[in-house]
Amino acid sequence: MLTELFDNVREKCPLIHNITNYVTANDCANMLLACGGSPIMADDIGEAEEITAVCGGLNINIGTLNQRTISSMFAAGKRANELGHPVVLDPVGVGASTLRTETALRLLEEVKFAAIRGNISEIKTLVSGNGTTKGVDADVSDKVTAEHLDEAVAFAKGFARSTKTVIAITGAIDIMADGERAFCVHNGRPEMSTVTGTGCQLSALTAAFITANPNKPLEAVTAAVCAMGLCGEIAYQRMTEADGNASYRNYIIDAMYRLSPAELEKGARFEVW
Amino acid sequence: MLTELFDNVREKCPLIHNITNYVTANDCANMLLACGGSPIMADDIGEAEEITAVCGGLNINIGTLNQRTISSMFAAGKRANELGHPVVLDPVGVGASTLRTETALRLLEEVKFAAIRGNISEIKTLVSGNGTTKGVDADVSDKVTAEHLDEAVAFAKGFARSTKTVIAITGAIDIMADGERAFCVHNGRPEMSTVTGTGCQLSALTAAFITANPNKPLEAVTAAVCAMGLCGEIAYQRMTEADGNASYRNYIIDAMYRLSPAELEKGARFEVW
Amino acid sequence: MLTELFDNVREKCPLIHNITNYVTANDCANMLLACGGSPIMADDIGEAEEITAVCGGLNINIGTLNQRTISSMFAAGKRANELGHPVVLDPVGVGASTLRTETALRLLEEVKFAAIRGNISEIKTLVSGNGTTKGVDADVSDKVTAEHLDEAVAFAKGFARSTKTVIAITGAIDIMADGERAFCVHNGRPEMSTVTGTGCQLSALTAAFITANPNKPLEAVTAAVCAMGLCGEIAYQRMTEADGNASYRNYIIDAMYRLSPAELEKGARFEVW
């Protein structure tokens with residue numbers, strides 16, 4: 001399954017419009033290039049709709065959001081919906097401020113998302129309208145573990161059903177769900193959280209995979225999550241005793257650049273849930 | 001010729017004011033430091049003119065432009081003109097939105113540029129007022145190849161003549177032209193396009209070379225283009241089987257840091273056209 | 001002394017709110033993660049106070065300041081003061097424009113800083129209200145050398161006394177002072193100035209150390225400065241003949257990731273002055 005999904009990314013070279021934070025924009029651009037896609041970042045209301053129209057998909061990331069870029073998120077999101085382009089939401093740090101929470105909830109109301117990717121704290125905040133999010137990392141009390149995976153999958157499916165969206169909750173175990181089905185992914189390394197923006201990169205990657213595979217959104221998101229986690233594993237094996245999170249950051253993107261669809265198929269560790 | 005031009009950069013350490021996109025600003029800053037220049041990024045109208053005045057040259061890059069920074073581009077550009085500082089334009093993604101096209105065309109009317117550097121799609125858009133630009137990469141149908149190089153050089157010369165500017169069209173073969181003369185550069189690697197911002201870095205580098213060599217703008221631009229391409233080649237030789245576009249990005253900047261003027265002279269592959 | 005100070009950072013994992021420039025935001029985030037802290041970047045007035053409230057400390061950096069983010073600096077700074085959170089100021093490029101100078105001086109009036117970190121040109125500008133700052137690097141005529149160290153320390157102490165703040169003047173020799181005491185640090189490499197944002201990273205690191213050691217601000221700042229300089233030394237030893245400032249940038253952050261409190265204690269070279 002994954003071979004074909006990744007082949008489609010490499011062959012179609014999807015152009016992704018990113019309205020994203022300035023902290024990790026460079027990494028998102030290089031990750032998109034590494035997977036075979038093409039990035040464009042544009043966040044001004046004066047061009048957001050037009051840029052979205054020339055792209056295949058849209059990635060909205062609310063890190064470092066501001067009044068100017070929030071308008072662009074709505075305008076581009078609605079335009080993408082009109083054009084039938086898939087839209088991905090990364091609700092970075094939702095729950096940490098009223099602005100982030102209100103913006104994310106309003107985006108959910110006014111824009112139809114093909115996928116939403118966040119950590120468990122962020123997704124819980126989207127469901128409840130308020131959360132325990134502290135900063136941009138998942139709250140410890142929220143962590144998804146093997147023992148209450150059933151509960152977490154049911155939660156993801158429920159939210160996916162009510163929003164008619166694919167939900168990706170990423171963490172030690174990643175859960176992808178639409179309203180009916182779910183996959184759990186076991187790829188990845190805990191050290192990935194020591195690199196800023198691996199979540200942002202994954203959301204950009206998700207946009208590329210969904211755009212190249214519009215009729216299989218759940219499978220496409222699962223493939224993106226497996227690919228990112230597998231690259232985290234491959235990159236980790238390359239680490240020397242002197243390497244830390246800065247080199248790891250480069251190695252993860254390098255791994256995506258080198259990853260073949262067949263290697264993804266072989267290295268992916270996921271299960272239907 | 002190139003030895004002296006690069007020596008001047010290393011000796012004069014030109015301070016370059018960059019009004020540039022947030023995606024590649026860090027790479028532009030490190031590239032300027034690597035070549036021997038010094039960067040300052042400042043894009044607010046409240047300081048744009050003053051910052052330009054303390055610098056030697058100005059680099060305007062319209063990626064992630066917005067209403068706030070557009071005002072600063074005009075203010076800084078005009079102030080730099082008054083002071084006789086060279087100004088470089090990188091019309092990133094012009095043609096992809098009306099905002100980018102109108103901003104770039106208005107900049108051409110109101111600011112005198114020492115050099116304009118873009119891919120062939122971007123430069124064509126500047127000439128025609130509209131274009132086939134999709135995103136930030138050159139359209140495939142536009143690619144400059146050896147067989148219609150004469151035509152492309154004539155096009156570059158014509159635009160250079162009408163704008164009284166040095167035009168640099170970068171791609172598989174790079175063309176630099178003023179109204180009278182032209183150089184073609186054969187340095188570089190196709191893999192450079194898998195790293196986000198190599199074009200932006202080249203524009204910043206171009207600003208440093210022109211600022212350090214104010215009386216030889218065509219030669220200065222040619223030297224910058226040769227240097228960037230050569231660093232792409234040197235960096236490529238360093239790539240291991242595990243390295244991808246993220247490591248390549250670092251190696252290109254590293255190569256500039258290590259490049260000597262004599263090595264540039266020796267490795268440059270260009271011809272008068 | 002340094003072991004305990006660094007242990008506290010690693011154990012408490014301080015969450016730092018950064019209102020900082022877009023050029024080096026990614027490096028600041030990765031440096032904070034490398035030292036054991038956690039970063040969040042947020043610069044909109046609509047969330048600045050709330051984000052500061054969920055964090056432990058605040059880092060204000062005026063590089064690429066603009067009218068929108070300046071408001072957020074004041075709002076977040078005042079809120080952090082109310083909550084008793086330490087606030088660090090990095091007056092990047094102060095003196096290069098009236099906007100930077102006036103903003104920094106007004107911040108000094110309206111916000112209580114736990115520490116201010118800059119190069120000698122920047123700190124002189126804060127004291128005198130105008131300066132010789134050209135761009136973001138220290139003016140050559142300002143450089144602190146061994147022969148007039150006494151004078152520079154007295155200057156730092158005087159400014160620290162009048163502002164009731166810890167002053168860190170970083171350069172070839174680093175000076176940290178509160179009103180009564182001072183430390184001089186001899187760690188670091190001159191090549192660190194060829195990497196954009198090592199100063200910004202140090203300010204973010206300083207915020208993490210002060211936040212984790214609220215009762216020992218002078219010692220905490222000294223520990224951060226020693227750690228940064230030591231990482232510059234460790235990273236330098238790793239450089240190959242092909243490596244330049246881009247790889248050096250990664251190696252410095254890597255070194256922080258790997259640095260143990262015991263290694264910091266052993267490698268730090270500082271003296272009470």
# chains A, B, ... in the order shown; residues from 1 in each chain; ligands from 1
$ interface_residues --of "chain A" --to "chain B" --cutoff "7 Å" --atoms "only C-alpha atoms" --output "list in words"
Tyr22, Ala25, Asn26, Ala29, Asn30, Leu33, Ala34, Ile40, Met41, Ala42, Asp43, Asp44, Gly46, Glu47, Glu50, Ile51, Val54, Asn250, Ile253, Asp254, Ala255, Tyr257 and Arg258 of chain A
$ residues_around --residues "Ala156 of chain B" --least-positions-apart "4" --cutoff "9 Å" --atoms "only C-alpha atoms" --output "PyMOL selection string"
chain B and resi 123+151-152+160-161+166-169+175-179+182
$ closest_residue --among "C:Lys12, C:Lys216, C:Lys157, C:Lys143" --to "Thr170 of chain C" --atoms "only C-alpha atoms"
C:Lys143
$ residues_around --residues "Cys28 of chain A" --least-positions-apart "3" --cutoff "9 Å" --atoms "only C-alpha atoms" --output "list in words"
Asn18, Thr20, Thr24, Ala25, Met31, Leu32, Leu33, Pro39, Gly197, Thr198, Cys200, Gln201, Leu202, Ser203, Ala204 and Leu205 of chain A
$ select_by_dssp --residues "segment 45-213 of chain C" --states "strand (DSSP E or B)" --output "ChimeraX atom specification"
/C:57-61,87-90,115-118,134,137,166-169,174-177,182-185
$ residues_around --residues "Ala212 of chain B" --least-positions-apart "2" --cutoff "7 Å" --atoms "only C-alpha atoms" --output "ChimeraX atom specification"
/B:8-9,12,14,208-210,214
